[in-house]
Amino acid sequence: MFKKLKFFNWGKSQRESSAEDNLPDLFRYKYSCFKMLLDSNAELLNVMSDLEEKLLGQQVFGMSYVRSRSAKAVFHALRMIKNLDDLSGHRYSLLFDTLEKINLKIKEILGRKKEISISELILPYSAIKAEMTDWVGGKNANLGEIHSRVGLPIPCGFAITTRAFETFLLNSALFDEISSKKMSIDPDNPGTIKTISDDIRQLIISANVPAEIEDSILLAYSKLAGDTSSVKIPESSLRISMRSSAVGEDSELSFAGQYLSRLNVPQEHIIRTYKEIVASLYTPRAITYRLNKGIRDEDIAMSVACLQMVESVVSGVMYSKNPLNMLEENIIITAVWGLGPYAVEGVITPDSYTVGKNGQTISSDISRKTVQLISKPDGGVTEIPVADDLWDKPCLSPENIAVLAGCARKLEDHYGCPQDIEWAIDSSGKIFILQSRSLRAEDSGKIYPVLPVLTGYPLLIEKGVSVSGGVGFGPAFHVSSDEDLLNFPDGAVLVARHSSPKLVMVMKKTSAIVTDTGNIAGHMATLAREFAVPTIVSTDVATSVIHEGMEVTVDAYSGRVYQGKVPELEAYQITGEFPMKDTPVYSVLREVTDLIVPLYLLDPRSPDFAPPFCRTLHDICRLVHEFSYTEMFKLSDLVSDKRGLAFKLKDFTPLDLYVIDLGSGLTENNLNLNCISPDKIASVPFNALLKGLLNKDFQQNQCRPVEFKGFLSVMREQMITPPSTAERFGDRSYAIISDKYLNFSSRVGYHYSIVDSYCSRTVNMNYITFSFKGGAADDVRRNRRVRTIARILQSLDFAADVIGDRVSARYQKHEIHLIEDKLDIIGRLLQFTRQMDMLMTNEASIEVLAENFLKENYNLEKIFFGK
Amino acid sequence: MKNISLLLVDDEDDFRTTLANRLKRRNLDVTDAGSGEEAIEIIGQKSFDVAIVDIKMPGMDGIETLRRIRKIDPLLEVILLTGHASVEAGIEGIKSGAYDYVIKPCNVNDLMDKVEDAFRRRMIEKGRAQEK
């Protein structure tokens, strides 16, 4: 049962002193509780500062971050309460309920989670509609829609549903392993992301796909081989393309190129490829992307599109509107020879056609295409040279263009918004739609400013293709390997030969991107627009004219790059504030953090400083921490009348000092001695205090002069105060120590002082609490003395309070060497106070004594009597 | 400190055997069990001071084992072990009366300290219970 506590309980707890005979064990036990409490206190504070940082919205995180940090915060709050409750002999059990109330609220917020459910492992496209996104992912849903409702040709095939994914991964032990690995990702350290990504993908690829899934996939494949109506293909030779179709993809967010797709997969590799695609949920760039976009990992599911392989002669991408100016009614088509990946991966610059509403070509930009991608006979794809005579030939005939433009219009009409479409044409000239999705609506209605060429600045690039508008400035950083991405500096301008979706890993850091090749329809371009990174591609010369480290200004509205800073363009610069604040995961973090971080219990002396008034985990943490000091202070109350369990400190004249070791506080096991010398002390805080207590400046003036009036005052008080009510303490001093801990209580005459300190490498755990009370002489003098002490402590950066004749001070969360320095000074202060008792004759003496102490003039005779 | 009698419950045979041997070398009286069910049976026959219980076990998991142990002997201190940091399990564990929660692999000296602290708690709680 919780009772209202006195802040400092100077008496002893009767129950404890009578119940436990084995005092050293009791001390060790209490100390172990206290250590665990401090440990959890430090952990909880770390979590809170981490959460606060994330709330700025500039760092990226996902739902698993919010979950893991909330759980960690609750765990450590719970562990603190448990240990305070143990430490105090169960006087704080009420706090468990307080915590549980807060925990339930946190759980409720975190529990609002999306559910997925479907019973089929495989679905044919004839059965798939757009609204089935949750079961088959965006890409599959759109393919089903195009096939069944729009009536445009897609390759034959089937979808492996999210039900299969759930069975394989989500509901298996595998997912637990993945989740626990994910917990240790440091989102701002690409190194940890890569290591953990490798681990997780290895886990998935080496796992076994359950037999029911494997059977269903292979059965669907066999049916597909029999079903490919036009020509009967022998079962074993049918190749399929397997494409990732993640849930959430192609809807609000574009996952351009984030997940694996494989072309030309032979039967024997289907299952392995399935696992590889599932594993691609955890590539470094996919993890980074989800973190960037605040997508909850639990809401991600991978479906796979399995389509008969189209051996395309020409392939490419088209936009039903110009993404840079959607007010323009033109269709943009890009095309390459061979298979599609080269149209989007930025390896070669494709042909680009601008097509009017009526299907007529308005302009065409035919590039030189020296290489192409084709299927290999044994599976997979390979690059081959393009026949010389086709290098500079347009890939598309006017007829092709007209048909493609017709498809684009049909798709835009069906979906009611501009579309981003992948297509292929096979050797018979048949056109297939491979995917269609909404073109990012963000740019619609926005017309980029047309900026003039500015003279007076060296123009490095005159005409690149602008794929994401904006102005960026920074030092150039060349990227040619994954390692370069890991080392990419904040605020630099990324310069690379090819555009690549891999660059998403640094899109948060880069102020602009400039590449030699690439095109407006590339994956990277989509990503750059999403991240609002000013980006220019197809400059041909970026890597040769922009040198490493050179400061450049990128005008991505006009496709120009200037050397140096161009102040005229600054107004157009994108500030680069990361849009984390608009994501659903951010609002969950906001709500949860409100129950963790704010501190409402500010004043330990307020009547509200009690369990029922705790509203947040921080309140609990503060309360428990405060009460734990009080509990540890009381250790010394348990010891004062016990004999024979402490070692007397040898050759220590100022005080009759006994030492109790809680563990590792002494350099050797002293069990058989009853006396130890100060050089055997291994306790860091005790050694620091001893240094002050043994300061040589105090050795010479052991005999203090007692000013006559002061002496009379002592005498009078002793005569008029009945012994029973006088706060007469024992005459021993105790140091309860461990390697990092000290509880030093000194009862000398009428003085009672306690120094309690923890001194470790964890700055957050370190503290000194110091309390000084009592003393002979009248109230006025006693109060003057504690005010002197408070004045001194405040000058030493302690927080100090005076109430009556007691001063309480605290110094906390400082480096180990600072704690040691302060303990040394406290040691000296204790010596100093012993001598100054009788000198508090007037208000001025407060200043004089404090000032002299701080100047390290410890000789009171000299100070007051000029000797 | 008196000879502490300890029950070690973990389904991973290698880990359990190695840890049991190490703790025996530090003069603990160690009994081991390969499952929660086995642990409950053993506790019915012999009294222990401290139990170390792995959270993730097939059949009766560590949390359930902890709850049953505390039902049989409310003063038996249980230290939970876990292979990976599932903090939620730690929360459940402490709520259900676990002494503390340790992530494995763990330093045997640290674990030994924890066992001694748990034992002290048992002695103190015992004294407290007798006083009432």
# chains A, B, ... in the order shown; residues from 1 in each chain; ligands from 1
>>> closest_atom_pairs(of="chain B", to="chain A", cutoff="8 Å", atoms="only C-alpha atoms", output="Markdown table")
| residue | atom | partner | partner_atom | distance |
| --- | --- | --- | --- | --- |
| B:His84 | CA | A:Ser180 | CA | 6.3 |
| B:Ala85 | CA | A:Ser180 | CA | 6.4 |
| B:Ser86 | CA | A:Ser180 | CA | 6.8 |
| B:Val87 | CA | A:Ala71 | CA | 6.0 |
| B:Glu88 | CA | A:Ala71 | CA | 6.1 |
| B:Gly90 | CA | A:Phe75 | CA | 6.8 |
| B:Ile91 | CA | A:Phe75 | CA | 5.3 |
| B:Ile94 | CA | A:Arg79 | CA | 7.5 |
| B:Asp117 | CA | A:Tyr29 | CA | 5.9 |
| B:Arg120 | CA | A:Tyr29 | CA | 5.9 |
| B:Arg121 | CA | A:Tyr29 | CA | 6.6 |
| B:Ile124 | CA | A:Glu20 | CA | 6.8 |
| B:Gly127 | CA | A:Ala19 | CA | 6.2 |
| B:Arg128 | CA | A:Ala19 | CA | 6.6 |
| B:Glu131 | CA | A:Ala19 | CA | 7.2 |
>>> write_last_selection(atoms="N, CA and C atoms", output="PDB file, in the first residue's frame")
ATOM      1  N   HIS B  84      16.399 -13.343 -28.652  1.00  0.00           N
ATOM      2  CA  HIS B  84      16.425 -12.029 -29.287  1.00  0.00           C
ATOM      3  C   HIS B  84      15.515 -11.085 -28.517  1.00  0.00           C
ATOM      4  N   ALA B  85      15.749  -9.815 -28.766  1.00  0.00           N
ATOM      5  CA  ALA B  85      15.142  -8.800 -27.920  1.00  0.00           C
ATOM      6  C   ALA B  85      13.665  -8.565 -28.200  1.00  0.00           C
ATOM      7  N   SER B  86      12.822  -9.514 -27.875  1.00  0.00           N
ATOM      8  CA  SER B  86      11.391  -9.258 -27.955  1.00  0.00           C
ATOM      9  C   SER B  86      10.981  -8.597 -26.644  1.00  0.00           C
ATOM     10  N   VAL B  87      10.954  -7.281 -26.679  1.00  0.00           N
ATOM     11  CA  VAL B  87      10.755  -6.517 -25.453  1.00  0.00           C
ATOM     12  C   VAL B  87       9.372  -6.782 -24.857  1.00  0.00           C
ATOM     13  N   GLU B  88       8.386  -7.013 -25.733  1.00  0.00           N
ATOM     14  CA  GLU B  88       7.032  -7.272 -25.241  1.00  0.00           C
ATOM     15  C   GLU B  88       7.022  -8.472 -24.298  1.00  0.00           C
ATOM     16  N   GLY B  90       9.450  -9.404 -22.482  1.00  0.00           N
ATOM     17  CA  GLY B  90      10.070  -8.930 -21.250  1.00  0.00           C
ATOM     18  C   GLY B  90       9.043  -8.248 -20.360  1.00  0.00           C
ATOM     19  N   ILE B  91       8.187  -7.454 -20.995  1.00  0.00           N
ATOM     20  CA  ILE B  91       7.147  -6.752 -20.234  1.00  0.00           C
ATOM     21  C   ILE B  91       6.200  -7.766 -19.590  1.00  0.00           C
ATOM     22  N   ILE B  94       7.972  -9.581 -16.631  1.00  0.00           N
ATOM     23  CA  ILE B  94       8.109  -8.843 -15.373  1.00  0.00           C
ATOM     24  C   ILE B  94       6.750  -8.667 -14.709  1.00  0.00           C
ATOM     25  N   ASP B 117      21.736 -12.109  -6.903  1.00  0.00           N
ATOM     26  CA  ASP B 117      20.796 -11.044  -6.535  1.00  0.00           C
ATOM     27  C   ASP B 117      19.384 -11.602  -6.401  1.00  0.00           C
ATOM     28  N   ARG B 120      19.128 -13.367  -3.181  1.00  0.00           N
ATOM     29  CA  ARG B 120      18.981 -12.432  -2.055  1.00  0.00           C
ATOM     30  C   ARG B 120      17.533 -11.972  -1.961  1.00  0.00           C
ATOM     31  N   ARG B 121      16.951 -11.712  -3.116  1.00  0.00           N
ATOM     32  CA  ARG B 121      15.557 -11.279  -3.113  1.00  0.00           C
ATOM     33  C   ARG B 121      14.684 -12.366  -2.478  1.00  0.00           C
ATOM     34  N   ILE B 124      15.066 -12.317   1.272  1.00  0.00           N
ATOM     35  CA  ILE B 124      14.439 -11.133   1.869  1.00  0.00           C
ATOM     36  C   ILE B 124      12.920 -11.259   1.838  1.00  0.00           C
ATOM     37  N   GLY B 127      11.816 -13.704   4.478  1.00  0.00           N
ATOM     38  CA  GLY B 127      11.804 -13.090   5.801  1.00  0.00           C
ATOM     39  C   GLY B 127      10.569 -12.231   5.984  1.00  0.00           C
ATOM     40  N   ARG B 128      10.263 -11.492   4.937  1.00  0.00           N
ATOM     41  CA  ARG B 128       9.115 -10.603   4.964  1.00  0.00           C
ATOM     42  C   ARG B 128       7.815 -11.409   5.119  1.00  0.00           C
ATOM     43  N   GLU B 131       7.323 -12.705   8.597  1.00  0.00           N
ATOM     44  CA  GLU B 131       7.000 -11.666   9.561  1.00  0.00           C
ATOM     45  C   GLU B 131       5.502 -11.408   9.649  1.00  0.00           C
TER      46      GLU B 131
END
>>> residues_around(residues="stretch 239-244 of chain A", least_positions_apart="3", cutoff="6 Å", atoms="only C-alpha atoms", output="list in words")
Tyr259, Leu260, Ser261, Arg262, Leu263, Asn264, Val265, Pro266, Val304, Ala305, Cys306, Leu307, Gln308 and Met309 of chain A
>>> write_last_selection(atoms="N, CA and C atoms", output="PDB file, in the first residue's frame")
ATOM      1  N   TYR A 259      11.488  -3.225 -55.793  1.00  0.00           N
ATOM      2  CA  TYR A 259      11.510  -4.666 -55.537  1.00  0.00           C
ATOM      3  C   TYR A 259      11.941  -5.421 -56.783  1.00  0.00           C
ATOM      4  N   LEU A 260      12.360  -6.648 -56.554  1.00  0.00           N
ATOM      5  CA  LEU A 260      12.944  -7.445 -57.618  1.00  0.00           C
ATOM      6  C   LEU A 260      11.915  -7.896 -58.654  1.00  0.00           C
ATOM      7  N   SER A 261      12.321  -7.883 -59.904  1.00  0.00           N
ATOM      8  CA  SER A 261      11.558  -8.531 -60.966  1.00  0.00           C
ATOM      9  C   SER A 261      12.563  -9.327 -61.777  1.00  0.00           C
ATOM     10  N   ARG A 262      12.167 -10.512 -62.240  1.00  0.00           N
ATOM     11  CA  ARG A 262      13.085 -11.342 -63.029  1.00  0.00           C
ATOM     12  C   ARG A 262      12.419 -11.701 -64.336  1.00  0.00           C
ATOM     13  N   LEU A 263      13.189 -11.557 -65.408  1.00  0.00           N
ATOM     14  CA  LEU A 263      12.676 -11.912 -66.721  1.00  0.00           C
ATOM     15  C   LEU A 263      13.205 -13.291 -67.100  1.00  0.00           C
ATOM     16  N   ASN A 264      12.431 -13.971 -67.973  1.00  0.00           N
ATOM     17  CA  ASN A 264      12.907 -15.215 -68.571  1.00  0.00           C
ATOM     18  C   ASN A 264      13.285 -16.273 -67.526  1.00  0.00           C
ATOM     19  N   VAL A 265      12.338 -16.586 -66.659  1.00  0.00           N
ATOM     20  CA  VAL A 265      12.591 -17.572 -65.604  1.00  0.00           C
ATOM     21  C   VAL A 265      12.158 -18.957 -66.081  1.00  0.00           C
ATOM     22  N   PRO A 266      13.069 -19.945 -66.118  1.00  0.00           N
ATOM     23  CA  PRO A 266      12.674 -21.309 -66.492  1.00  0.00           C
ATOM     24  C   PRO A 266      12.013 -22.020 -65.303  1.00  0.00           C
ATOM     25  N   VAL A 304       3.227 -11.784 -56.300  1.00  0.00           N
ATOM     26  CA  VAL A 304       4.117 -11.869 -57.459  1.00  0.00           C
ATOM     27  C   VAL A 304       3.286 -12.055 -58.725  1.00  0.00           C
ATOM     28  N   ALA A 305       3.644 -11.294 -59.766  1.00  0.00           N
ATOM     29  CA  ALA A 305       3.012 -11.455 -61.080  1.00  0.00           C
ATOM     30  C   ALA A 305       3.836 -12.448 -61.882  1.00  0.00           C
ATOM     31  N   CYS A 306       3.203 -13.547 -62.341  1.00  0.00           N
ATOM     32  CA  CYS A 306       3.891 -14.526 -63.183  1.00  0.00           C
ATOM     33  C   CYS A 306       3.283 -14.441 -64.583  1.00  0.00           C
ATOM     34  N   LEU A 307       4.055 -13.935 -65.523  1.00  0.00           N
ATOM     35  CA  LEU A 307       3.526 -13.678 -66.869  1.00  0.00           C
ATOM     36  C   LEU A 307       4.359 -14.409 -67.902  1.00  0.00           C
ATOM     37  N   GLN A 308       3.659 -14.899 -68.906  1.00  0.00           N
ATOM     38  CA  GLN A 308       4.397 -15.521 -69.995  1.00  0.00           C
ATOM     39  C   GLN A 308       5.396 -14.511 -70.553  1.00  0.00           C
ATOM     40  N   MET A 309       6.624 -14.961 -70.790  1.00  0.00           N
ATOM     41  CA  MET A 309       7.694 -14.067 -71.234  1.00  0.00           C
ATOM     42  C   MET A 309       7.406 -13.531 -72.632  1.00  0.00           C
TER      43      MET A 309
END
>>> residues_around(residues="B:Ile79", least_positions_apart="6", cutoff="10 Å", atoms="only C-alpha atoms", output="ChimeraX atom specification")
/B:8,50-55,66,93-94,97-102,111,114-115,118
>>> select_by_dssp(residues="stretch 269-422 of chain A", states="alpha helix (DSSP H)", output="ChimeraX atom specification")
/A:270-279,284-293,341-344,398-415
>>> select_by_dssp(residues="stretch 333-427 of chain A", states="strand (DSSP E or B)", output="VMD selection string")
chain A and resid 333 to 338 351 to 355 361 to 365 371 to 375 381 to 385 419 to 426
>>> decode(residues="stretch 3-120 of chain B", atoms="C-alpha atoms", output="compact mmCIF listing (two decimals), in the first residue's frame")
# COMPACT_ATOMS: atom_id res chain seq x y z
CA ASN B 3 24.55 -23.19 -1.92
CA ILE B 4 21.91 -21.91 -4.31
CA SER B 5 19.73 -24.53 -5.94
CA LEU B 6 18.94 -23.55 -9.49
CA LEU B 7 16.63 -24.91 -12.17
CA LEU B 8 17.68 -24.21 -15.76
CA VAL B 9 14.92 -24.52 -18.37
CA ASP B 10 15.81 -24.28 -22.06
CA ASP B 11 14.89 -26.41 -25.08
CA GLU B 12 18.24 -25.89 -26.81
CA ASP B 13 20.23 -28.87 -25.57
CA ASP B 14 23.71 -27.55 -26.35
CA PHE B 15 23.13 -24.20 -24.77
CA ARG B 16 21.49 -25.71 -21.69
CA THR B 17 24.22 -28.28 -21.10
CA THR B 18 27.04 -25.78 -21.52
CA LEU B 19 25.44 -23.21 -19.26
CA ALA B 20 24.52 -25.83 -16.64
CA ASN B 21 28.15 -26.98 -16.49
CA ARG B 22 29.45 -23.46 -16.17
CA LEU B 23 27.07 -22.66 -13.35
CA LYS B 24 27.91 -25.92 -11.57
CA ARG B 25 31.54 -24.93 -11.64
CA ARG B 26 30.55 -21.86 -9.67
CA ASN B 27 29.12 -24.08 -6.95
CA LEU B 28 25.50 -23.82 -7.89
CA ASP B 29 23.32 -26.87 -7.40
CA VAL B 30 21.96 -27.01 -10.96
CA THR B 31 19.10 -29.13 -12.29
CA ASP B 32 18.14 -28.74 -15.92
CA ALA B 33 14.93 -29.25 -17.85
CA GLY B 34 14.37 -29.31 -21.62
CA SER B 35 10.83 -27.97 -21.54
CA GLY B 36 8.36 -26.02 -19.45
CA GLU B 37 6.33 -29.17 -18.81
CA GLU B 38 9.40 -30.98 -17.50
CA ALA B 39 10.28 -28.01 -15.31
CA ILE B 40 6.85 -28.01 -13.66
CA GLU B 41 7.15 -31.72 -12.97
CA ILE B 42 10.59 -31.30 -11.38
CA ILE B 43 9.43 -28.40 -9.21
CA GLY B 44 6.71 -30.69 -7.86
CA GLN B 45 9.41 -32.96 -6.48
CA LYS B 46 12.21 -30.64 -5.41
CA SER B 47 12.45 -27.10 -4.10
CA PHE B 48 14.57 -24.49 -5.86
CA ASP B 49 15.78 -21.00 -5.02
CA VAL B 50 16.11 -19.60 -8.52
CA ALA B 51 15.05 -20.68 -12.01
CA ILE B 52 16.46 -19.52 -15.33
CA VAL B 53 13.82 -19.96 -18.03
CA ASP B 54 14.13 -19.44 -21.79
CA ILE B 55 11.17 -17.48 -23.18
CA LYS B 56 10.93 -19.18 -26.53
CA MET B 57 10.22 -22.89 -26.14
CA PRO B 58 7.92 -25.19 -28.05
CA GLY B 59 4.92 -26.36 -26.05
CA MET B 60 4.68 -24.44 -22.82
CA ASP B 61 6.57 -21.21 -23.45
CA GLY B 62 8.74 -19.38 -20.94
CA ILE B 63 6.07 -16.91 -19.82
CA GLU B 64 3.55 -19.69 -19.15
CA THR B 65 6.25 -21.70 -17.36
CA LEU B 66 7.06 -18.66 -15.24
CA ARG B 67 3.39 -18.21 -14.31
CA ARG B 68 3.02 -21.85 -13.29
CA ILE B 69 6.26 -21.80 -11.32
CA ARG B 70 5.15 -18.72 -9.39
CA LYS B 71 1.84 -20.38 -8.68
CA ILE B 72 3.55 -23.42 -7.19
CA ASP B 73 6.19 -21.44 -5.31
CA PRO B 74 5.60 -17.66 -5.18
CA LEU B 75 9.04 -17.15 -3.67
CA LEU B 76 10.93 -18.96 -6.40
CA GLU B 77 12.75 -16.25 -8.34
CA VAL B 78 12.68 -16.61 -12.12
CA ILE B 79 15.19 -15.03 -14.48
CA LEU B 80 13.96 -14.98 -18.07
CA LEU B 81 16.33 -15.63 -20.93
CA THR B 82 15.68 -14.69 -24.50
CA GLY B 83 17.46 -15.33 -27.79
CA HIS B 84 16.42 -12.03 -29.29
CA ALA B 85 15.14 -8.80 -27.92
CA SER B 86 11.39 -9.26 -27.95
CA VAL B 87 10.76 -6.52 -25.45
CA GLU B 88 7.03 -7.27 -25.24
CA ALA B 89 7.87 -10.68 -23.80
CA GLY B 90 10.07 -8.93 -21.25
CA ILE B 91 7.15 -6.75 -20.23
CA GLU B 92 4.83 -9.76 -19.88
CA GLY B 93 7.53 -11.56 -17.92
CA ILE B 94 8.11 -8.84 -15.37
CA LYS B 95 4.37 -8.32 -14.98
CA SER B 96 4.08 -12.02 -14.25
CA GLY B 97 6.67 -11.76 -11.50
CA ALA B 98 9.99 -12.49 -13.21
CA TYR B 99 13.03 -11.22 -11.36
CA ASP B 100 14.67 -9.84 -14.50
CA TYR B 101 15.12 -10.44 -18.16
CA VAL B 102 18.46 -11.34 -19.70
CA ILE B 103 19.36 -11.44 -23.38
CA LYS B 104 21.40 -14.44 -24.47
CA PRO B 105 24.12 -15.07 -25.33
CA CYS B 106 25.07 -13.58 -22.00
CA ASN B 107 28.19 -13.29 -19.93
CA VAL B 108 28.21 -16.08 -17.34
CA ASN B 109 29.66 -13.81 -14.65
CA ASP B 110 26.85 -11.33 -15.16
CA LEU B 111 24.32 -14.13 -15.08
CA MET B 112 25.91 -15.45 -11.91
CA ASP B 113 25.57 -12.00 -10.28
CA LYS B 114 21.97 -11.94 -11.36
CA VAL B 115 21.36 -15.36 -9.84
CA GLU B 116 22.88 -14.21 -6.54
CA ASP B 117 20.80 -11.04 -6.53
CA ALA B 118 17.70 -13.09 -7.29
CA PHE B 119 18.61 -15.40 -4.43
CA ARG B 120 18.98 -12.43 -2.05
